[in-house]
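First up is the structure itself, then whatever we jot down about it.
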Number of protein chains: 2
Amino acid sequence: MRRSSVYIALLHYPMYNKNMDIVTTSVTNLDIHDIARAARTYDVDGFYIVHPSASQQRLIRDILAYWQEGYGGVYNSDRQEAFRLLRLAEDFPAVLEDIRKETGREAITIATDARQYPNTITYRGLRRDIAETDQVYLLLFGTGWGISQESMDRCERILEPISGASVYNHLSVRSAVAIIMDRLLGASWYN
Amino acid sequence: MRRSSVYIALLHYPMYNKNMDIVTTSVTNLDIHDIARAARTYDVDGFYIVHPSASQQRLIRDILAYWQEGYGGVYNSDRQEAFRLLRLAEDFPAVLEDIRKETGREAITIATDARQYPNTITYRGLRRDIAETDQVYLLLFGTGWGISQESMDRCERILEPISGASVYNHLSVRSAVAIIMDRLLGASWYN
């Protein structure tokens with residue numbers, strides 16, 4: 001039984017595009033479904049979708065209502081259960097404020113990225129801290145071509161890149177979230 | 001450096017639907033993308049999409065051509081690289097035959113499922129076998145509500161279910177493939 005609380009957030013702004021311009025990305029329906037299901041499977045405390053646009057927030061609210069209160073929840077109650085973890089926020093500070101309200105504490109912010117940084121933390125180290133110390137963690141995941149430098153700089157630590165079995169590392173954010181949840185929060189299968 | 005060859009296959013028939021009827025599922029574009037990217041990241045030898053319908057096979061061929069030869073490959077060469085692993089087959093025996101032609105050997109077939117079976121193999125055991133013995137493995141993944149009993153019975157072993165951190169286990173096949181590749185083929189992060 002882990003001692004820490006763990007929240008995750010999927011950012012849509014400020015992101016890089018292919019040319020390293022700062023852009024706002026669109027919400028992808030399957031990101032919401034896949035990440036909510038993984039979050040529920042790994043017993044995450046909350047999953048924030050972070051988007052600054054009112055119209056995209058309305059779209060997400062419609063999807064949520066279908067699964068939380070509408071026919072979706074009747075048809076597939078497992079999906080309804082996963083969607084209970086979902087929250088909307090307009091930016092990164094709003095997520096921190098919401099967690100502060102819920103827990104009365106400051107979240108330790110951990111960015112994820114496919115590149116290595118000086119303040120990188122290992123999976124083994126973070127898994128141990130989550131299990132054994134009583135903290136509140138917020139893990140940030142990016143869309144598009146990755147989280148902007150400005151947002152990375154605001155995070156206390158950066159999780160080491162996922163090493164597959166080759167130098168190629170171009171996983172979808174859906175796959176990356178699943179693998180990272182498994183490494184940090186999964187029942188250990190390797191002992 | 002692992003000693004075995006590893007192939008994966010995504011089945012669309014014969015699958016269960018919600019009511020445990022045998023059905024053919026549709027191809028999902030994002031399954032192809034996410035699983036191809038994960039397969040490339042974890043250095044899988046080939047990724048088979050198994051579908052009996054000629055029209056769905058044509059659809060997959062169109063997607064493939066776009067990324068392998070068309071504008072997609074120019075726009076995103078990483079995606080082109082992932083799509084090189086992709087192959088089409090009309091059924092499970094055709095996959096085995098194709099692997100036999102390529103390797104001159106019979107693949108050891110491993111099904112994946114969210115339930116526990118008598119002939120279950122552990123992640124730790126299969127990871128060790130893949131790394132240390134010189135075999136050919138084929139891992140089968142299902143769509144819809146899971147692989148039919150008939151297909152499960154044809155497999156030599158069944159991989160143990162993914163344990164998250166709760167009794168809830170309703171991951172998408174995209175997430176399940178990513179996690180299973182990481183457990184079986186990823187650089188070990190836990191030592």
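By order in the structure tokens, chains are A, B, ...; within a chain, residues start at 1; ligands start at 1, following the order shown.
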Would you list the contacts of stretch 16-25 of chain B as a list in words, taking every protein, DNA or RNA residue within 8 Å and counting only C-alpha atoms, but skipping same-chain residues closer than 4 positions in sequence? His12, Thr143, Gly144, Trp145, Gly146, Ile147 and Ser148 of chain B
Could you dump the residues just selected with N, CA and C atoms as a compact mmCIF listing (two decimals), in the first residue's frame?
```txt
# COMPACT_ATOMS: atom_id res chain seq x y z
N HIS B 12 -8.41 -9.44 -34.76
CA HIS B 12 -9.75 -8.83 -34.89
C HIS B 12 -10.84 -9.89 -35.08
N THR B 143 -8.76 -7.65 -29.40
CA THR B 143 -9.55 -6.42 -29.43
C THR B 143 -10.94 -6.77 -28.86
N GLY B 144 -11.88 -5.84 -28.95
CA GLY B 144 -13.23 -6.11 -28.43
C GLY B 144 -13.17 -6.49 -26.96
N TRP B 145 -13.94 -7.54 -26.59
CA TRP B 145 -13.96 -7.99 -25.20
C TRP B 145 -13.01 -9.19 -24.97
N GLY B 146 -12.06 -9.39 -25.86
CA GLY B 146 -11.04 -10.41 -25.61
C GLY B 146 -11.00 -11.52 -26.64
N ILE B 147 -9.93 -12.28 -26.57
CA ILE B 147 -9.66 -13.38 -27.51
C ILE B 147 -10.59 -14.56 -27.20
N SER B 148 -11.14 -15.18 -28.24
CA SER B 148 -12.07 -16.30 -28.05
C SER B 148 -11.36 -17.50 -27.41
```
Return as CSV the residues of stretch 125-165 of chain B lying at most 12 Å from stretch 112-119 of chain B, together with the closest atom-to-atom pair for each and the distance in Å to one decimal, counting only C-alpha atoms, with rows in chain order and ascending residue number.
```
residue,atom,partner,partner_atom,distance
B:Leu138,CA,B:Thr112,CA,10.7
B:Leu139,CA,B:Thr112,CA,7.2
B:Leu140,CA,B:Thr112,CA,6.1
B:Phe141,CA,B:Thr112,CA,5.8
B:Gly142,CA,B:Thr112,CA,7.7
B:Thr143,CA,B:Asp113,CA,10.5
B:Gly144,CA,B:Asp113,CA,11.9
B:Trp145,CA,B:Asp113,CA,9.9
B:Gly146,CA,B:Asp113,CA,7.0
B:Ile147,CA,B:Asp113,CA,7.5
B:Ser148,CA,B:Asp113,CA,10.3
B:Gln149,CA,B:Asp113,CA,10.8
B:Ser151,CA,B:Thr112,CA,11.0
B:Met152,CA,B:Thr112,CA,8.6
B:Asp153,CA,B:Asn119,CA,10.2
B:Arg154,CA,B:Asn119,CA,12.0
B:Cys155,CA,B:Asn119,CA,9.7
B:Glu156,CA,B:Asn119,CA,8.0
B:Arg157,CA,B:Asn119,CA,5.6
B:Ile158,CA,B:Thr112,CA,5.7
B:Leu159,CA,B:Thr112,CA,5.2
B:Glu160,CA,B:Gln116,CA,6.2
B:Pro161,CA,B:Ala114,CA,4.7
B:Ile162,CA,B:Ala114,CA,6.9
B:Ser163,CA,B:Ala114,CA,9.1
B:Gly164,CA,B:Ala114,CA,11.2
```
If the cut-off is 8 Å, can you tell me the residues of chain A near chain B, counting only C-alpha atoms? I'd like them as number ranges by chain. A: 34, 37-38, 40-43, 78, 122-124, 163-172, 174-176, 178-179, 182, 185-187, 189-191
How would the residues just chosen look if you wrote them out with N, CA and C atoms as a short mmCIF file (atom, residue, chain, number, x, y, z; two decimals), in the first residue's frame?
```
data_model
loop_
_atom_site.label_atom_id
_atom_site.label_comp_id
_atom_site.auth_asym_id
_atom_site.auth_seq_id
_atom_site.Cartn_x
_atom_site.Cartn_y
_atom_site.Cartn_z
N ASP A 34 -8.03 6.40 -22.73
CA ASP A 34 -6.93 5.50 -22.38
C ASP A 34 -6.28 5.90 -21.07
N ARG A 37 -8.53 5.20 -18.00
CA ARG A 37 -8.55 3.77 -17.68
C ARG A 37 -7.24 3.34 -17.00
N ALA A 38 -6.11 3.85 -17.49
CA ALA A 38 -4.83 3.52 -16.86
C ALA A 38 -4.76 4.13 -15.46
N ARG A 40 -7.18 4.75 -13.41
CA ARG A 40 -8.03 3.97 -12.50
C ARG A 40 -7.36 2.63 -12.16
N THR A 41 -6.76 2.01 -13.16
CA THR A 41 -6.09 0.72 -12.95
C THR A 41 -4.94 0.86 -11.95
N TYR A 42 -4.23 1.98 -12.01
CA TYR A 42 -3.07 2.17 -11.12
C TYR A 42 -3.43 3.04 -9.90
N ASP A 43 -4.72 3.22 -9.65
CA ASP A 43 -5.20 3.86 -8.43
C ASP A 43 -4.66 5.28 -8.22
N ASP A 78 -17.60 0.19 -16.27
CA ASP A 78 -16.16 0.26 -16.02
C ASP A 78 -15.60 1.60 -16.49
N THR A 122 15.19 8.94 -11.12
CA THR A 122 15.02 7.59 -11.69
C THR A 122 13.65 7.01 -11.32
N TYR A 123 13.20 6.03 -12.08
CA TYR A 123 11.96 5.32 -11.77
C TYR A 123 12.06 4.65 -10.42
N ARG A 124 13.20 4.00 -10.19
CA ARG A 124 13.40 3.27 -8.95
C ARG A 124 13.31 4.23 -7.74
N SER A 163 13.38 3.93 -21.37
CA SER A 163 14.29 3.21 -22.28
C SER A 163 13.58 1.97 -22.77
N GLY A 164 13.39 1.88 -24.05
CA GLY A 164 12.78 0.68 -24.62
C GLY A 164 13.87 -0.36 -24.78
N ALA A 165 14.14 -0.72 -26.02
CA ALA A 165 15.20 -1.69 -26.28
C ALA A 165 16.00 -1.24 -27.49
N SER A 166 15.88 0.04 -27.86
CA SER A 166 16.60 0.57 -29.01
C SER A 166 16.75 2.07 -28.78
N VAL A 167 17.45 2.77 -29.67
CA VAL A 167 17.56 4.22 -29.51
C VAL A 167 16.26 4.92 -29.90
N TYR A 168 15.42 4.23 -30.65
CA TYR A 168 14.12 4.79 -31.05
C TYR A 168 13.24 4.96 -29.82
N ASN A 169 12.71 6.15 -29.60
CA ASN A 169 11.78 6.37 -28.50
C ASN A 169 10.74 7.39 -28.93
N HIS A 170 9.73 6.94 -29.63
CA HIS A 170 8.65 7.83 -30.08
C HIS A 170 7.31 7.19 -29.74
N LEU A 171 7.11 6.99 -28.45
CA LEU A 171 5.85 6.41 -27.99
C LEU A 171 4.76 7.47 -28.02
N SER A 172 3.51 7.06 -28.16
CA SER A 172 2.40 8.00 -27.99
C SER A 172 2.32 8.37 -26.51
N ARG A 174 -0.25 8.22 -24.78
CA ARG A 174 -1.08 7.16 -24.17
C ARG A 174 -0.21 5.98 -23.71
N SER A 175 0.71 5.56 -24.58
CA SER A 175 1.61 4.46 -24.21
C SER A 175 2.56 4.88 -23.10
N ALA A 176 3.09 6.10 -23.20
CA ALA A 176 4.05 6.57 -22.19
C ALA A 176 3.41 6.63 -20.81
N ALA A 178 0.90 4.88 -19.70
CA ALA A 178 0.66 3.51 -19.22
C ALA A 178 1.95 2.90 -18.66
N ILE A 179 3.04 3.05 -19.40
CA ILE A 179 4.32 2.47 -18.97
C ILE A 179 4.81 3.15 -17.68
N ASP A 182 2.85 2.04 -14.70
CA ASP A 182 3.23 0.67 -14.35
C ASP A 182 4.56 0.65 -13.59
N LEU A 185 3.82 2.69 -10.06
CA LEU A 185 2.70 2.35 -9.17
C LEU A 185 2.24 0.90 -9.28
N GLY A 186 2.74 0.16 -10.26
CA GLY A 186 2.27 -1.22 -10.48
C GLY A 186 2.74 -2.17 -9.40
N ALA A 187 1.97 -3.24 -9.21
CA ALA A 187 2.41 -4.34 -8.33
C ALA A 187 3.72 -4.86 -8.91
N TRP A 189 6.31 -7.10 -10.41
CA TRP A 189 6.26 -8.39 -11.07
C TRP A 189 7.67 -8.97 -11.23
N TYR A 190 8.69 -8.16 -10.89
CA TYR A 190 10.07 -8.50 -11.28
C TYR A 190 10.88 -9.15 -10.17
N ASN A 191 10.29 -9.32 -8.98
CA ASN A 191 11.07 -9.91 -7.87
C ASN A 191 11.05 -11.43 -7.91
#
```
Closest to A:Ser4 among A:Leu126, A:Leu96, A:Ile32, A:Ile60, using only C-alpha atoms? A:Leu126
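One finds atom CA of B:Gly104 at 17.3 Å from atom CA of B:Phe92.
Atom CA of A:Phe83 is found 10.0 Å from atom CA of A:Tyr66.
If you look at atom CA of B:Leu64 and atom CA of B:Ile130, they are 29.0 Å away from each other.
For the choices A:Val136, A:Val27, A:Leu10, A:Ile63, the atom-to-atom distance to A:Ile99 is smallest for A:Val136 when using only C-alpha atoms.
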Got a sec to tell me which of stretch 105-190 of chain A DSSP assigns to alpha helix (DSSP H), as a PyMOL selection string? chain A and resi 123-132+149-154+173-185
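Closest approach to B:Leu88 from the set B:Asn29, B:Asp129, B:His51, B:Leu11 is made by B:His51, with distances taken over only C-alpha atoms.
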